[in-house]
Amino acid sequence: MNLRPPRATTNPAEPAASAEPAASGGGSDRVTPAIRAVGLRKRYPGVDAVAGIDLTIAPGESFGFLGPNGAGKTTTIAMLCTLAVPTAGRIEIAGHDARTDAAAARRRIGLIFQESTLDDRLTAAENLRFHADLYNVPAARVPARVAETLALVGLTGVRDAVVRTFSGGMRRRLEIARALLHRPQILFLDEPTIGLDPNARAQVWRYLRHVCENEAVTLFLTTHHLEEAEQCDRIAIVDAGRIVAQGSPAELKSVLGADRVDLRTGDDDAAAALIGERLGLETARGRDGLSLQVPDGARVLPRLLAELDVPVYEARVTSPSLDDVFLHHTGHRIRDEAPSERPVPLDAASRAVREPVLPEPLRGGPRAELRALGMVWRREMLHFRRDRVGAALSLVQPLVFLFVLGVGLARLMPGANGGAYQLFLFSGALVTAAQGPALATGTSIMWDRQGGFLREMLAGPAARGSLLVGKCLGGTTVAACQAAILLTTAGLVGMPLDGTLIALLLGELVLVSLAMTVLSVLLATLLTRPQTFGTVLSVIMAPLVFLSGSFFPLGAMPPWMAGLALANPLTYAVDVMRRTIAAFLPGAPPPLFRPLSLGSWQPPVPAECGLLAVLTVAGLAWAARRFSRLT
Ligand SMILES: Nc1ncnc2c1ncn2[C@@H]1O[C@H](COP(=O)(O)OP(=O)(O)OP(=O)(O)O)[C@@H](O)[C@H]1O
């Protein structure tokens with residue numbers, strides 16, 4: 001059963017970029033193909049993952065890309081979705097060049113990856129709302145679209161449940177809802193039912209069929225499940241990076257031409273002889289009986305049974321399967337098992353949808369970029385608000401510095417009474433309080449990458465720079481908030497509670513938090529494994545903190561150590577805040593507060609802030625460069 005007949009439609013709201021000849025398989029009208037790929041190739045070191053693929057898929061078609069593991073399906077879909085750059089070839093998505101007009105192409109596609117790309121710390125509705133922001137779905141329509149798409153996949157009842165509590169099937173359905181939220185013209189699904197049990201697979205297919213009947217969407221799906229490919233209007237069989245056959249399931253099977261009849265009889269020798277004499281057909285002997293090839297098994301079988309004078313215990317007619325087609329073209333089989341089709345009720349709201357819903361144009365531009373940036377920032381805030389334990393724990397370290405290390409070391413400091421040393425430590429403790437959440441921003445990029453959500457963001461139409469800046473601003477806000485919380489202990493360490501001083505320190509903390517956030521984000525774009533990231537971070541951060549003048553003044557360090565401290569940007573951050581505090585102390589600041597100097601020159605506070613700002617901008621530019629290349 002096919003999903004539905006192909007439709008030749010274009011988006012009436014927005015004419016496609018170029019007029020194209022008729023799409024093969026999609027009728028004879030002149031319509032812009034939904035997907036067009038010419039000479040597509042992707043070479044990885046040592047392997048031609050895609051070795052020259054041509055595709056033309058008409059609007060409204062459901063197209064299956066069928067092949068075994070490693071055939072090149074995921075690589076093809078990644079290129080079609082503009083996530084991977086082809087080694088050669090050209091791709092057009094609804095008439096938009098995927099290379100030169102990637103954002104326009106992305107606005108027209110919905111994507112469901114092989115692995116889940118949901119944020120499992122957010123609720124179902126929050127995942128959808130973030131997606132709406134990413135794709136700049138008109139704000140007024142978002143509540144209705146969220147409700148509609150959740151109803152479509154039967155998840156209305158769990159809209160406010162955190163995704164972590166969802167089963168694999170529910171996650172997949174939520175991903176279908178999310179991919180449809182911005183009304184894409186083309187829905188790409190990479191192995192949509194992988195890892196699901198037969199019942200969950202049947203559910204997903206039920207919703208996909210429903211989508212095809214009610215939304216004007218072109219489906220492109222990769223699969224190695226034969227019965228899933230069977231439901232598509234057209235199929236391309238891929239093997240070793242090439243399309244070996246293409247057509248409707250019926251067309252592909254008709255190439256084999258014959259049905260197979262299997263017989264289990266009381267006397268196979270006599271039956272074989274009779275079939276040869278009376279029907280002129282050749283039989284083959286197998287372990288379980290006789291088999292023969294006939295053009296139309298259903299018509300031949302009654303005559304065959306009537307002619308045989310031997311008992312027939314079992315007779316079976318098998319039409320060629322796609323597996324036979326696959327075997328015919330590639331010389332090997334695709335293994336598969338069929339799912340049990342158990343009906344699953346659709347939500348009432350989705351049953352009410354009858355008319356196909358046409359895709360709507362989504363707009364890009366600076367406002368859309370700001371919205372995407374805001375979405376990333378808000379997500380960081382949500383995570384921060386929900387992770388109260390983590391937030392509280394990251395304050396433990398600076399509090400220990402202040403009230404354990406501070407009290408203990410003060411007794412060893414000649415000429416420093418306890419209060420002066422604790423106040424001396426305070427600027428370092430503030431930096432340490434900001435440091436935890438700032439560095440966690442890089443860690444969250446690593447986990448977003450591992451958990452898949454990063455792909456959801458990267459596949460969207462928003463510029464990567466907007467996403468990166470949103471992430472950095474989110475991390476900075478959280479880090480500065482944490483340091484601001486520590487600032488409430490200022491009175492306990494003898495800091496004057498002056499409004500201007502506090503405002504200045506908050507401003508400096510924002511700069512320092514941004515600098516450290518950018519450092520961690522840069523590291524996250526340079527490294528691929530979270531474990532390596534954690535190790536590198538701890539190796540870098542220990543010397544940075546201990547050589548920053550946070551715990552003892554540079555004047556007390558041996559020259560080689562003081563030289564290293566001067567090369568450490570964190571030293572300037574601590575010095576800036578310490579000098580700011582010293583400026584508000586009544587009388588001359590204690591000797592511990594002597595500012596750092598480069599030879600005989602004492603850099604002014606604006607110069608130290610300027611240095612931090614320049615390093616931050618340079619780090620951000622480098623991180624943006626790296627981030628733009630992530631796939
Ligand atoms: N990033 C990569 N670097 C190197 N080789 C890769 C990379 N991605 C894919 N390949 C190789 O390209 C070939 C095609 O891989 P691809 O993932 O596209 O196949 P597939 O048909 O989607 O397989 P599966 O069904 O297992 O997902 C494989 O040999 C794979 O090892």
# chains A, B, ... in the order shown; residues from 1 in each chain; ligands from 1
>>> residues_around(residues="segment 306-320 of chain A", least_positions_apart="4", cutoff="8 Å", atoms="only C-alpha atoms", output="ChimeraX atom specification")
/A:253,256,258-267,270-271,274-275,278,297-298,301-302,324-325
>>> residues_near_ligand(ligand="ligand 1", cutoff="6 Å", atoms="only C-alpha atoms and all ligand atoms", output="JSON, numbers by chain")
{"A": [44, 49, 68, 69, 70, 71, 72, 73, 74, 75]}
>>> write_last_selection(atoms="C-alpha atoms", output="short mmCIF file (atom, residue, chain, number, x, y, z; two decimals), in the first residue's frame")
data_model
loop_
_atom_site.label_atom_id
_atom_site.label_comp_id
_atom_site.auth_asym_id
_atom_site.auth_seq_id
_atom_site.Cartn_x
_atom_site.Cartn_y
_atom_site.Cartn_z
CA TYR A 44 35.84 10.22 2.89
CA ALA A 49 30.51 6.90 0.58
CA PRO A 68 22.01 -2.11 3.51
CA ASN A 69 24.22 -0.64 6.25
CA GLY A 70 27.05 1.40 4.80
CA ALA A 71 25.37 1.86 1.39
CA GLY A 72 25.65 5.65 1.66
CA LYS A 73 22.08 6.52 2.68
CA THR A 74 22.91 8.75 5.66
CA THR A 75 25.66 10.51 3.74
#
>>> residues_around(residues="Pro366 of chain A", least_positions_apart="5", cutoff="10 Å", atoms="only C-alpha atoms", output="list in words")
Arg371, Ala372, Ala462, Ala463 and Ser466 of chain A
>>> write_last_selection(atoms="C-alpha atoms", output="CSV table (one decimal), in the first residue's frame")
chain,number,residue,atom,x,y,z
A,371,ARG,CA,15.1,35.0,17.6
A,372,ALA,CA,17.3,32.0,17.1
A,462,ALA,CA,19.7,30.2,11.5
A,463,ALA,CA,23.3,31.4,11.0
A,466,SER,CA,23.8,33.5,15.9
>>> atom_distance(atom1="atom CA of Glu508 of chain A", atom2="atom CA of Phe552 of chain A")
20.7 Å
>>> residues_around(residues="Leu150 of chain A", least_positions_apart="6", cutoff="12 Å", atoms="only C-alpha atoms", output="ChimeraX atom specification")
/A:123-129,142-144,156-160,170-181,207,346-350
>>> residues_around(residues="Leu564 of chain A", least_positions_apart="4", cutoff="8 Å", atoms="only C-alpha atoms", output="compact mmCIF listing (two decimals) with N, CA and C atoms, in the first residue's frame")
# COMPACT_ATOMS: atom_id res chain seq x y z
N LEU A 547 48.03 30.36 38.94
CA LEU A 547 48.99 31.37 38.50
C LEU A 547 48.28 32.67 38.12
N TRP A 560 60.29 33.53 37.86
CA TRP A 560 59.80 32.69 36.75
C TRP A 560 58.30 32.49 36.83
N ASN A 568 49.21 35.11 31.84
CA ASN A 568 47.92 34.46 32.07
C ASN A 568 46.80 35.51 32.07
>>> residues_around(residues="Asn136 of chain A", least_positions_apart="5", cutoff="12 Å", atoms="only C-alpha atoms", output="list in words")
Arg106, Arg107, Arg129, Phe130, His131, Arg141, Val142, Leu181, His182, Arg183, Glu360, Pro361, Leu362, Arg363, Gly364, Gly365, Pro366, Arg367, Ala368, Glu369, Leu370, Arg371, Ala372, Leu373, Gly374, Met375, Gly460, Pro461 and Ala462 of chain A
>>> closest_residue(among="A:Met446, A:Ile502, A:Leu430, A:Val163", to="Gln531 of chain A", atoms="only C-alpha atoms")
A:Met446
>>> select_by_dssp(residues="segment 363-416 of chain A", states="helix (DSSP H, G or I)", output="PDB file with C-alpha atoms, in the first residue's frame")
ATOM      1  CA  PRO A 366      18.162  39.897  11.258  1.00  0.00           C
ATOM      2  CA  ARG A 367      14.979  39.412  13.320  1.00  0.00           C
ATOM      3  CA  ALA A 368      14.979  35.692  12.614  1.00  0.00           C
ATOM      4  CA  GLU A 369      18.653  35.525  13.644  1.00  0.00           C
ATOM      5  CA  LEU A 370      17.911  37.424  16.861  1.00  0.00           C
ATOM      6  CA  ARG A 371      15.091  35.039  17.621  1.00  0.00           C
ATOM      7  CA  ALA A 372      17.319  32.001  17.120  1.00  0.00           C
ATOM      8  CA  LEU A 373      19.988  33.621  19.303  1.00  0.00           C
ATOM      9  CA  GLY A 374      17.342  34.284  21.955  1.00  0.00           C
ATOM     10  CA  MET A 375      16.162  30.689  21.752  1.00  0.00           C
ATOM     11  CA  VAL A 376      19.656  29.375  22.487  1.00  0.00           C
ATOM     12  CA  TRP A 377      20.051  31.869  25.353  1.00  0.00           C
ATOM     13  CA  ARG A 378      16.673  30.944  26.862  1.00  0.00           C
ATOM     14  CA  ARG A 379      17.511  27.277  26.712  1.00  0.00           C
ATOM     15  CA  GLU A 380      20.659  27.916  28.760  1.00  0.00           C
ATOM     16  CA  MET A 381      18.548  29.823  31.287  1.00  0.00           C
ATOM     17  CA  LEU A 382      16.026  26.986  31.491  1.00  0.00           C
ATOM     18  CA  HIS A 383      18.750  24.444  32.120  1.00  0.00           C
ATOM     19  CA  PHE A 384      20.242  26.714  34.789  1.00  0.00           C
ATOM     20  CA  ARG A 385      16.879  27.166  36.522  1.00  0.00           C
ATOM     21  CA  ARG A 386      16.200  23.438  36.488  1.00  0.00           C
ATOM     22  CA  ARG A 388      19.507  24.020  41.136  1.00  0.00           C
ATOM     23  CA  VAL A 389      21.713  21.336  42.672  1.00  0.00           C
ATOM     24  CA  GLY A 390      24.420  21.930  40.061  1.00  0.00           C
ATOM     25  CA  ALA A 391      24.193  25.688  40.601  1.00  0.00           C
ATOM     26  CA  ALA A 392      24.474  25.316  44.375  1.00  0.00           C
ATOM     27  CA  LEU A 393      27.395  22.902  44.067  1.00  0.00           C
ATOM     28  CA  VAL A 396      30.894  25.356  47.121  1.00  0.00           C
ATOM     29  CA  GLN A 397      34.416  25.769  45.725  1.00  0.00           C
ATOM     30  CA  PRO A 398      34.626  29.589  45.970  1.00  0.00           C
ATOM     31  CA  LEU A 399      33.027  29.499  49.430  1.00  0.00           C
ATOM     32  CA  VAL A 400      35.644  26.979  50.570  1.00  0.00           C
ATOM     33  CA  PHE A 401      38.376  29.226  49.134  1.00  0.00           C
ATOM     34  CA  LEU A 402      37.025  32.180  51.050  1.00  0.00           C
ATOM     35  CA  PHE A 403      36.051  30.740  54.371  1.00  0.00           C
ATOM     36  CA  VAL A 404      38.338  27.716  54.776  1.00  0.00           C
ATOM     37  CA  LEU A 405      41.470  28.476  52.748  1.00  0.00           C
ATOM     38  CA  GLY A 406      41.089  32.191  53.504  1.00  0.00           C
ATOM     39  CA  VAL A 407      40.832  31.773  57.266  1.00  0.00           C
ATOM     40  CA  GLY A 408      43.607  29.162  57.391  1.00  0.00           C
ATOM     41  CA  LEU A 409      46.140  30.964  55.172  1.00  0.00           C
ATOM     42  CA  ALA A 410      45.496  34.333  56.800  1.00  0.00           C
TER      43      ALA A 410
END
>>> residues_around(residues="segment 110-113 of chain A", least_positions_apart="5", cutoff="6 Å", atoms="only C-alpha atoms", output="number ranges by chain")
A: 179, 184, 187-190
>>> write_last_selection(atoms="N, CA and C atoms", output="CSV table (one decimal), in the first residue's frame")
chain,number,residue,atom,x,y,z
A,179,ALA,N,9.5,18.1,13.3
A,179,ALA,CA,10.0,18.3,11.9
A,179,ALA,C,8.9,18.9,11.1
A,184,PRO,N,7.3,22.2,6.6
A,184,PRO,CA,8.3,22.0,5.6
A,184,PRO,C,7.6,21.5,4.3
A,187,LEU,N,10.1,16.5,3.8
A,187,LEU,CA,10.5,15.9,5.1
A,187,LEU,C,11.5,14.7,4.9
A,188,PHE,N,12.7,14.9,5.4
A,188,PHE,CA,13.7,13.9,5.3
A,188,PHE,C,13.7,13.0,6.6
A,189,LEU,N,13.7,11.7,6.4
A,189,LEU,CA,13.7,10.8,7.5
A,189,LEU,C,14.8,9.8,7.3
A,190,ASP,N,15.8,9.8,8.2
A,190,ASP,CA,16.9,8.9,8.1
A,190,ASP,C,16.6,7.7,9.0
>>> atom_distance(atom1="atom CA of Ala565 of chain A", atom2="atom CA of Gly549 of chain A")
7.3 Å
>>> select_by_dssp(residues="segment 92-248 of chain A", states="strand (DSSP E)", output="ChimeraX atom specification")
/A:92-93,96-97,109-112,186-190,218-223,234-239,242-247
>>> write_last_selection(atoms="C-alpha atoms", output="mmCIF file, in the first residue's frame")
data_model
loop_
_atom_site.group_PDB
_atom_site.id
_atom_site.type_symbol
_atom_site.label_atom_id
_atom_site.label_comp_id
_atom_site.auth_asym_id
_atom_site.auth_seq_id
_atom_site.Cartn_x
_atom_site.Cartn_y
_atom_site.Cartn_z
ATOM 1 C CA GLU A 92 18.530 21.790 -5.468
ATOM 2 C CA ILE A 93 15.882 21.783 -2.776
ATOM 3 C CA HIS A 96 17.131 26.468 -4.197
ATOM 4 C CA ASP A 97 20.770 25.604 -4.619
ATOM 5 C CA ILE A 109 12.938 20.991 4.894
ATOM 6 C CA GLY A 110 12.073 19.072 8.016
ATOM 7 C CA LEU A 111 14.581 16.556 9.204
ATOM 8 C CA ILE A 112 14.437 13.472 11.365
ATOM 9 C CA ILE A 186 10.106 18.203 2.195
ATOM 10 C CA LEU A 187 10.460 15.852 5.130
ATOM 11 C CA PHE A 188 13.707 13.885 5.306
ATOM 12 C CA LEU A 189 13.700 10.835 7.536
ATOM 13 C CA ASP A 190 16.890 8.883 8.098
ATOM 14 C CA THR A 218 7.354 15.358 0.002
ATOM 15 C CA LEU A 219 8.833 12.431 1.924
ATOM 16 C CA PHE A 220 12.393 11.253 1.455
ATOM 17 C CA LEU A 221 13.262 8.395 3.726
ATOM 18 C CA THR A 222 16.164 6.037 4.037
ATOM 19 C CA THR A 223 15.523 2.561 5.273
ATOM 20 C CA ARG A 234 9.127 5.341 -5.643
ATOM 21 C CA ILE A 235 12.255 3.633 -4.428
ATOM 22 C CA ALA A 236 15.926 3.886 -5.236
ATOM 23 C CA ILE A 237 17.920 0.807 -4.378
ATOM 24 C CA VAL A 238 21.395 1.841 -3.278
ATOM 25 C CA ASP A 239 24.456 -0.251 -2.858
ATOM 26 C CA ARG A 242 25.366 4.032 -6.171
ATOM 27 C CA ILE A 243 21.739 3.727 -7.221
ATOM 28 C CA VAL A 244 21.398 0.326 -8.832
ATOM 29 C CA ALA A 245 17.676 0.544 -9.614
ATOM 30 C CA GLN A 246 14.949 3.138 -9.339
ATOM 31 C CA GLY A 247 11.171 3.061 -9.812
#
>>> atom_distance(atom1="atom CA of Leu592 of chain A", atom2="atom CA of Ile485 of chain A")
25.1 Å
